$ cat upload08.cif   # mmCIF, C-alpha atoms
data_data
#
loop_
_atom_site.label_atom_id
_atom_site.label_comp_id
_atom_site.auth_asym_id
_atom_site.auth_seq_id
_atom_site.Cartn_x
_atom_site.Cartn_y
_atom_site.Cartn_z
CA MET V 28 93.31 -48.23 -97.50
CA THR V 29 91.98 -51.22 -95.62
CA ALA V 30 93.08 -51.91 -92.07
CA PRO V 31 91.81 -53.76 -89.01
CA GLU V 32 89.34 -51.73 -86.98
CA LEU V 33 91.69 -50.96 -84.08
CA GLN V 34 94.45 -49.58 -86.31
CA ARG V 35 91.92 -47.81 -88.52
CA ARG V 36 90.39 -45.99 -85.56
CA MET V 37 93.80 -44.94 -84.27
CA LEU V 38 94.91 -43.73 -87.69
CA ASP V 39 91.73 -41.70 -88.19
CA ALA V 40 92.11 -40.11 -84.75
CA LEU V 41 95.75 -39.26 -85.37
CA LEU V 42 95.14 -37.77 -88.81
CA SER V 43 92.38 -35.51 -87.54
CA GLN V 44 94.84 -34.06 -85.01
CA ILE V 45 97.89 -33.95 -87.26
CA ALA V 46 95.97 -32.09 -89.96
CA ALA V 47 95.54 -29.15 -87.58
CA ASP V 48 99.32 -28.49 -87.58
CA SER V 49 100.18 -26.51 -90.71
CA ARG V 50 103.87 -27.37 -90.32
CA ILE V 51 103.08 -30.99 -91.21
CA VAL V 52 102.18 -30.98 -94.89
CA GLY V 53 101.57 -34.67 -95.35
CA VAL V 54 101.50 -38.18 -93.90
CA CYS V 55 102.41 -41.48 -95.56
CA LEU V 56 101.26 -44.84 -94.22
CA THR V 57 104.04 -47.37 -94.79
CA GLY V 58 104.86 -50.87 -93.51
CA SER V 59 102.46 -53.78 -93.84
CA LEU V 60 99.34 -51.61 -93.52
CA GLY V 61 100.56 -49.30 -96.26
CA ALA V 62 101.19 -52.33 -98.46
CA GLY V 63 97.70 -53.71 -97.79
CA ARG V 64 99.00 -56.74 -95.90
CA GLY V 65 98.25 -55.70 -92.34
CA ASP V 66 96.41 -57.67 -89.69
CA GLU V 67 95.23 -57.09 -86.13
CA HIS V 68 98.82 -57.38 -84.86
CA SER V 69 100.35 -54.86 -87.28
CA ASP V 70 102.14 -51.70 -86.25
CA VAL V 71 100.99 -48.39 -87.68
CA ASP V 72 104.02 -46.95 -89.49
CA LEU V 73 103.67 -43.25 -90.31
CA VAL V 74 106.03 -40.90 -92.10
CA LEU V 75 105.16 -37.32 -91.19
CA VAL V 76 106.33 -34.83 -93.80
CA THR V 77 107.20 -31.34 -92.63
CA ASP V 78 107.78 -28.11 -94.44
CA ASP V 79 111.56 -27.76 -94.71
CA ALA V 80 111.64 -24.44 -92.88
CA GLN V 81 109.57 -25.85 -90.00
CA HIS V 82 111.30 -29.19 -89.64
CA GLU V 83 113.54 -28.34 -86.70
CA SER V 84 110.69 -26.81 -84.71
CA VAL V 85 108.60 -29.95 -85.21
CA MET V 86 111.54 -32.20 -84.32
CA SER V 87 112.07 -30.36 -81.05
CA GLU V 88 108.43 -30.93 -80.07
CA ARG V 89 107.88 -34.47 -81.33
CA MET V 90 107.08 -36.19 -78.06
CA ARG V 91 104.83 -33.40 -76.87
CA LEU V 92 103.03 -33.34 -80.21
CA ILE V 93 102.41 -37.10 -80.18
CA ALA V 94 101.07 -36.90 -76.63
CA SER V 95 98.66 -34.18 -77.77
CA TRP V 96 97.41 -36.31 -80.65
CA ALA V 97 96.67 -39.51 -78.69
CA PRO V 98 97.18 -40.99 -75.21
CA LEU V 99 100.93 -41.70 -75.07
CA VAL V 100 101.70 -44.74 -72.91
CA ALA V 101 105.41 -44.99 -73.82
CA GLY V 102 107.73 -43.61 -76.45
CA PHE V 103 111.41 -43.36 -77.34
CA THR V 104 113.65 -42.31 -80.20
CA GLY V 105 115.05 -44.70 -82.81
CA GLU V 106 118.80 -44.23 -82.63
CA HIS V 107 119.21 -47.92 -81.80
CA VAL V 108 117.98 -48.77 -85.30
CA GLY V 109 119.97 -45.96 -86.93
CA GLU V 110 116.97 -43.67 -87.36
CA PRO V 111 117.05 -40.64 -85.03
CA ARG V 112 114.04 -39.15 -86.82
CA LEU V 113 111.91 -42.04 -85.56
CA ILE V 114 109.72 -42.06 -82.45
CA ILE V 115 108.50 -45.55 -81.44
CA THR V 116 105.36 -45.46 -79.32
CA LEU V 117 102.60 -47.34 -77.61
CA LEU V 118 99.35 -45.40 -77.75
CA GLY V 119 96.07 -46.20 -76.03
CA PRO V 120 94.50 -48.10 -74.40
CA PRO V 121 93.58 -50.16 -76.24
CA LEU V 122 97.27 -50.43 -77.04
CA VAL V 123 98.46 -49.74 -80.59
CA HIS V 124 102.12 -49.69 -81.62
CA VAL V 125 102.65 -46.58 -83.78
CA ASP V 126 105.96 -45.50 -85.31
CA PHE V 127 106.33 -41.85 -86.31
CA THR V 128 109.18 -40.83 -88.62
CA PHE V 129 109.52 -37.09 -89.21
CA VAL V 130 111.12 -36.08 -92.54
CA ARG V 131 111.55 -32.89 -94.53
CA ILE V 132 109.52 -32.69 -97.72
CA SER V 133 112.77 -32.35 -99.64
CA ASP V 134 113.80 -35.76 -98.23
CA VAL V 135 110.52 -37.61 -98.65
CA GLY V 136 111.47 -39.17 -101.98
CA ARG V 137 114.47 -40.83 -100.35
CA SER V 138 112.59 -41.78 -97.19
CA VAL V 139 109.41 -43.33 -98.59
CA ARG V 140 109.91 -46.25 -100.95
CA SER V 141 106.40 -47.67 -100.77
CA GLY V 142 103.16 -47.03 -98.99
CA GLU V 143 100.10 -44.80 -99.22
CA VAL V 144 99.75 -41.03 -98.91
CA VAL V 145 96.95 -40.57 -96.37
CA HIS V 146 97.25 -36.82 -95.82
CA ASP V 147 98.57 -34.25 -98.30
CA THR V 148 97.72 -30.63 -97.59
CA ALA V 149 98.35 -29.25 -101.07
CA GLY V 150 99.42 -32.26 -103.10
CA ALA V 151 103.07 -31.45 -102.46
CA VAL V 152 103.93 -34.86 -100.99
CA ALA V 153 102.52 -36.79 -103.94
CA ALA V 154 104.30 -34.43 -106.34
CA GLU V 155 107.61 -34.93 -104.55
CA LEU V 156 107.20 -38.71 -104.55
CA ASP V 157 106.43 -38.65 -108.26
CA ARG V 158 109.44 -36.47 -108.90
CA ALA V 159 111.66 -38.88 -106.97
CA GLY V 160 110.20 -41.92 -108.69
CA ALA V 161 108.92 -43.24 -105.35
CA ASP V 162 105.39 -44.02 -106.41
CA ALA V 163 103.51 -45.38 -103.38
CA GLY V 164 102.97 -49.11 -103.67
CA ALA V 165 105.44 -49.55 -106.55
CA GLY V 166 107.68 -52.58 -106.25
CA GLU V 167 109.47 -54.02 -103.28
CA PRO V 168 112.96 -52.97 -102.26
CA GLY V 169 115.53 -55.65 -102.95
CA PHE V 170 118.56 -56.87 -101.07
CA ASP V 171 122.18 -55.95 -101.65
CA LEU V 172 123.92 -59.28 -102.04
CA GLN V 173 127.30 -57.59 -102.43
CA TRP V 174 126.85 -56.07 -98.98
CA ALA V 175 126.37 -59.56 -97.56
CA GLU V 176 129.22 -61.14 -99.51
CA ASP V 177 131.64 -58.42 -98.39
CA ARG V 178 130.85 -59.21 -94.75
CA PHE V 179 129.78 -62.82 -94.48
CA TRP V 180 133.21 -64.45 -94.35
CA VAL V 181 134.43 -61.96 -91.77
CA TRP V 182 131.47 -63.05 -89.64
CA VAL V 183 132.38 -66.72 -90.16
CA HIS V 184 135.92 -66.04 -88.93
CA TYR V 185 134.50 -64.10 -85.96
CA ALA V 186 132.23 -67.02 -85.07
CA ALA V 187 135.19 -69.40 -85.20
CA THR V 188 137.28 -67.24 -82.85
CA LYS V 189 134.43 -67.04 -80.36
CA ALA V 190 133.86 -70.79 -80.55
CA ALA V 191 137.56 -71.35 -79.92
CA ARG V 192 137.24 -69.30 -76.72
CA GLY V 193 134.09 -71.11 -75.67
CA GLU V 194 132.04 -67.89 -76.01
CA TRP V 195 128.97 -69.70 -77.24
CA PHE V 196 126.51 -66.92 -76.45
CA GLU V 197 128.47 -64.72 -78.85
CA VAL V 198 128.12 -67.34 -81.58
CA LEU V 199 124.41 -67.65 -80.86
CA ASP V 200 124.00 -63.88 -81.16
CA LEU V 201 125.83 -63.91 -84.48
CA LEU V 202 123.64 -66.71 -85.82
CA GLY V 203 120.53 -64.70 -85.01
CA PHE V 204 122.00 -61.61 -86.64
CA VAL V 205 122.95 -63.49 -89.83
CA ARG V 206 119.49 -65.04 -89.98
CA GLY V 207 117.85 -61.60 -89.85
CA ALA V 208 120.34 -59.60 -91.90
CA VAL V 209 121.19 -62.10 -94.65
CA LEU V 210 119.35 -65.42 -94.78
CA GLY V 211 115.82 -64.14 -94.19
CA PRO V 212 116.15 -61.35 -96.76
CA LEU V 213 117.60 -63.75 -99.34
CA ALA V 214 114.65 -66.11 -98.84
CA ALA V 215 112.13 -63.28 -99.06
CA VAL V 216 113.62 -61.82 -102.25
CA ALA V 217 113.66 -65.26 -103.84
CA ALA V 218 109.92 -65.39 -103.15
CA GLY V 219 109.42 -61.98 -104.75
CA ARG V 220 108.76 -60.22 -101.47
CA GLU V 221 110.31 -57.35 -99.56
CA ALA V 222 113.56 -58.08 -97.73
CA ARG V 223 112.72 -57.39 -94.09
CA GLY V 224 114.76 -59.72 -91.96
CA VAL V 225 112.71 -62.75 -90.96
CA ARG V 226 109.45 -60.80 -90.77
CA ARG V 227 106.56 -63.04 -91.88
CA ILE V 228 109.06 -65.50 -93.35
CA GLU V 229 106.83 -68.47 -92.41
CA SER V 230 104.13 -67.23 -94.79
CA VAL V 231 106.32 -65.36 -97.30
CA ALA V 232 108.72 -68.26 -97.97
CA PRO V 233 107.41 -71.36 -96.17
CA VAL V 234 109.86 -73.83 -97.73
CA ALA V 235 112.84 -71.63 -96.87
CA ALA V 236 111.43 -71.11 -93.37
CA VAL V 237 111.57 -74.87 -92.80
CA GLU V 238 115.20 -74.88 -93.90
CA LEU V 239 115.97 -71.97 -91.60
CA ARG V 240 115.07 -74.15 -88.62
CA SER V 241 118.46 -75.80 -89.02
CA THR V 242 120.08 -72.48 -88.04
CA VAL V 243 118.24 -72.33 -84.70
CA CYS V 244 119.50 -74.18 -81.64
CA GLY V 245 119.84 -74.14 -77.89
CA TYR V 246 122.93 -73.65 -75.76
CA GLU V 247 124.86 -76.79 -76.59
CA PRO V 248 128.27 -76.40 -78.30
CA ALA V 249 127.68 -79.28 -80.72
CA ALA V 250 124.27 -77.91 -81.69
CA ILE V 251 125.67 -74.39 -82.11
CA VAL V 252 128.36 -75.71 -84.45
CA GLU V 253 125.74 -77.55 -86.51
CA ALA V 254 123.63 -74.37 -86.73
CA LEU V 255 126.68 -72.38 -87.84
CA LEU V 256 127.51 -74.89 -90.55
CA ALA V 257 123.88 -74.94 -91.66
CA SER V 258 123.89 -71.13 -91.90
CA ILE V 259 126.98 -71.22 -94.09
CA ALA V 260 125.50 -73.91 -96.33
CA LEU V 261 122.25 -71.98 -96.77
CA TYR V 262 124.10 -68.76 -97.53
CA ARG V 263 126.20 -70.42 -100.21
CA ARG V 264 123.22 -72.08 -101.86
CA TRP V 265 120.88 -69.08 -101.66
CA ARG V 266 123.65 -66.71 -102.76
CA ASP V 267 124.24 -68.85 -105.84
CA GLY V 268 120.52 -68.98 -106.58
CA ALA V 269 120.08 -65.23 -106.15
CA GLU V 270 123.00 -64.51 -108.42
CA ALA V 271 121.67 -66.88 -111.08
CA ARG V 272 118.16 -65.40 -110.98
CA HIS V 273 119.36 -61.78 -110.94
CA ALA V 274 116.67 -61.38 -108.27
CA VAL V 275 118.84 -59.33 -105.94
CA ALA V 276 118.98 -55.59 -106.45
CA ALA V 277 122.57 -54.56 -107.18
CA ALA V 278 124.31 -51.93 -109.24
CA ALA V 279 126.81 -54.43 -110.66
CA PRO V 280 127.37 -58.20 -110.89
CA LEU V 281 128.36 -59.90 -107.65
CA VAL V 282 132.07 -59.89 -106.89
CA ARG V 283 132.75 -62.96 -104.82
CA ASN V 284 135.46 -62.76 -102.18
CA VAL V 285 136.79 -66.20 -103.01
CA GLU V 286 139.96 -65.83 -100.98
CA ALA V 287 138.11 -64.66 -97.88
CA GLU V 288 135.70 -67.57 -98.21
CA ARG V 289 138.54 -70.09 -98.56
CA LEU V 290 140.60 -68.74 -95.68
CA ALA V 291 137.64 -68.27 -93.32
CA MET V 292 136.44 -71.81 -93.95
CA GLU V 293 139.95 -73.19 -93.48
CA PHE V 294 140.20 -71.34 -90.17
CA LEU V 295 136.79 -72.63 -89.12
CA ASP V 296 137.71 -76.21 -90.05
CA VAL V 297 140.93 -76.04 -88.02
CA THR V 298 139.09 -74.48 -85.09
CA LEU V 299 136.36 -77.13 -85.08
CA ALA V 300 138.94 -79.91 -85.37
CA GLY V 301 140.70 -78.50 -82.32
CA LEU V 302 137.45 -78.36 -80.38
CA HIS V 303 136.65 -81.94 -81.36
CA GLY V 304 140.06 -83.06 -80.15
CA ARG V 305 139.67 -81.58 -76.67
#
$ encode --input "upload08.cif" --output "structure tokens"
Amino acid sequence: MTAPELQRRMLDALLSQIAADSRIVGVCLTGSLGAGRGDEHSDVDLVLVTDDAQHESVMSERMRLIASWAPLVAGFTGEHVGEPRLIITLLGPPLVHVDFTFVRISDVGRSVRSGEVVHDTAGAVAAELDRAGADAGAGEPGFDLQWAEDRFWVWVHYAATKAARGEWFEVLDLLGFVRGAVLGPLAAVAAGREARGVRRIESVAPVAAVELRSTVCGYEPAAIVEALLASIALYRRWRDGAEARHAVAAAAPLVRNVEAERLAMEFLDVTLAGLHGR
């Protein structure tokens, strides 16, 4: 594993401390560092694998354990991102952002899709990953286009209702969400990279990143409308391209919600016409 010096020093220090706790049977380095694409600004993303029988005892001590491994400047749990097993921290100084996710060894195959095993007490973590078909560094997770299609036109209708009320901050928030949850991942997958919102999109998919600029705007109703329409146009075009390339991971062919698309766009058109007439 190669990593910038600051992250490498922190990782080495953490591993030397973690290895002393027999309840933690392994550690996987994930994220950009685990994929070999890290830089001096990268987080250190660690999955700490516990013995099943000891998992609850480790979970109850997580913050205290982390503070014993390195100087803990700040830390909090990850419920806001749907991951209560996660502790997000700043360690140092010098400051390093380190994320610790604590998983049972019986769950590691479902929790680690790619990365590097950097500590494995008895080879059990590597064996479990092999058994689950989660070979570290193998492939990039895709993007569920059906998930997006099932939701996108509901979001368009929502945006139209908020625009009709003059709740432009709500529309702005939705545009940012759609950019991170749908458009960025579609662009990344088209470039053969991992779907992670708009992370590194400027370097991962530079042409698409230029197009995404049309979905960004300030607080001006006319500009917000243009950004919304641009977002819809990009989704339609990139959806069609993803479907044609079969580049999006899905269990079955895409089922388009044609009626939802038609009705949501009709509602949006009527709403925008009403706004224009005011």
$ residues_around --input "upload08.cif" --residues "Ala46 of chain V" --least-positions-apart "3" --cutoff "12 Å" --atoms "only C-alpha atoms" --output "PDB file with C-alpha atoms, keeping the file's coordinate frame"
ATOM      1  CA  LEU V  38      94.910 -43.730 -87.690  1.00  0.00           C
ATOM      2  CA  ASP V  39      91.730 -41.700 -88.190  1.00  0.00           C
ATOM      3  CA  ALA V  40      92.110 -40.110 -84.750  1.00  0.00           C
ATOM      4  CA  LEU V  41      95.750 -39.260 -85.370  1.00  0.00           C
ATOM      5  CA  LEU V  42      95.140 -37.770 -88.810  1.00  0.00           C
ATOM      6  CA  SER V  43      92.380 -35.510 -87.540  1.00  0.00           C
ATOM      7  CA  SER V  49     100.180 -26.510 -90.710  1.00  0.00           C
ATOM      8  CA  ARG V  50     103.870 -27.370 -90.320  1.00  0.00           C
ATOM      9  CA  ILE V  51     103.080 -30.990 -91.210  1.00  0.00           C
ATOM     10  CA  VAL V  52     102.180 -30.980 -94.890  1.00  0.00           C
ATOM     11  CA  GLY V  53     101.570 -34.670 -95.350  1.00  0.00           C
ATOM     12  CA  VAL V  54     101.500 -38.180 -93.900  1.00  0.00           C
ATOM     13  CA  LEU V  75     105.160 -37.320 -91.190  1.00  0.00           C
ATOM     14  CA  VAL V  76     106.330 -34.830 -93.800  1.00  0.00           C
ATOM     15  CA  THR V  77     107.200 -31.340 -92.630  1.00  0.00           C
ATOM     16  CA  TRP V  96      97.410 -36.310 -80.650  1.00  0.00           C
ATOM     17  CA  VAL V 145      96.950 -40.570 -96.370  1.00  0.00           C
ATOM     18  CA  HIS V 146      97.250 -36.820 -95.820  1.00  0.00           C
ATOM     19  CA  ASP V 147      98.570 -34.250 -98.300  1.00  0.00           C
ATOM     20  CA  THR V 148      97.720 -30.630 -97.590  1.00  0.00           C
ATOM     21  CA  ALA V 149      98.350 -29.250-101.070  1.00  0.00           C
TER      22      ALA V 149
END
$ residues_around --input "upload08.cif" --residues "Ala191 of chain V" --least-positions-apart "6" --cutoff "12 Å" --atoms "all atoms listed in the file" --output "list in words"
His184, Tyr185, Glu197, Val198, Pro248, Val252, Phe294, Leu295, Asp296, Val297, Thr298, Leu299, Ala300, Gly301, Leu302, His303, Gly304 and Arg305 of chain V
$ atom_distance --input "upload08.cif" --atom1 "atom CA of Leu99 of chain V" --atom2 "atom CA of Pro31 of chain V"
20.6 Å
$ atom_distance --input "upload08.cif" --atom1 "atom CA of Phe196 of chain V" --atom2 "atom CA of Thr242 of chain V"
14.4 Å
$ closest_residue --input "upload08.cif" --among "V:Pro120, V:Gly150, V:Gly65, V:Gly211" --to "Ala101 of chain V" --atoms "all atoms listed in the file"
V:Pro120
$ atom_distance --input "upload08.cif" --atom1 "atom CA of Ala30 of chain V" --atom2 "atom CA of Ser69 of chain V"
9.2 Å
$ residues_around --input "upload08.cif" --residues "Leu213 of chain V" --least-positions-apart "6" --cutoff "8 Å" --atoms "all atoms listed in the file" --output "ChimeraX atom specification"
/V:170,222,265-266,269
$ resolve_selection --input "upload08.cif" --expression "the PyMOL selection byres ((chain V and resi 59) around 12)" --output "ChimeraX atom specification"
/V:28-31,34,56-58,60-73,141-143,164,167,220-221,223,226-227
$ resolve_selection --input "upload08.cif" --expression "the PyMOL selection byres ((chain V and resi 136-139) around 6)" --output "list in words"
Asp134, Val135, Arg140, Ser141, Leu156, Ala159 and Ala161 of chain V
$ write_last_selection --input "upload08.cif" --atoms "C-alpha atoms" --output "compact mmCIF listing (two decimals), in the frame of the given file"
# COMPACT_ATOMS: atom_id res chain seq x y z
CA ASP V 134 113.80 -35.76 -98.23
CA VAL V 135 110.52 -37.61 -98.65
CA ARG V 140 109.91 -46.25 -100.95
CA SER V 141 106.40 -47.67 -100.77
CA LEU V 156 107.20 -38.71 -104.55
CA ALA V 159 111.66 -38.88 -106.97
CA ALA V 161 108.92 -43.24 -105.35
$ residues_around --input "upload08.cif" --residues "Cys244 of chain V" --least-positions-apart "5" --cutoff "10 Å" --atoms "only C-alpha atoms" --output "PyMOL selection string"
chain V and resi 199+202+249-255
$ closest_residue --input "upload08.cif" --among "V:Asp48, V:Glu247, V:Glu176, V:Glu229" --to "Ala190 of chain V" --atoms "all atoms listed in the file"
V:Glu247
$ closest_residue --input "upload08.cif" --among "V:Ser84, V:Met37, V:Arg158, V:Pro111" --to "Val123 of chain V" --atoms "only C-alpha atoms"
V:Met37
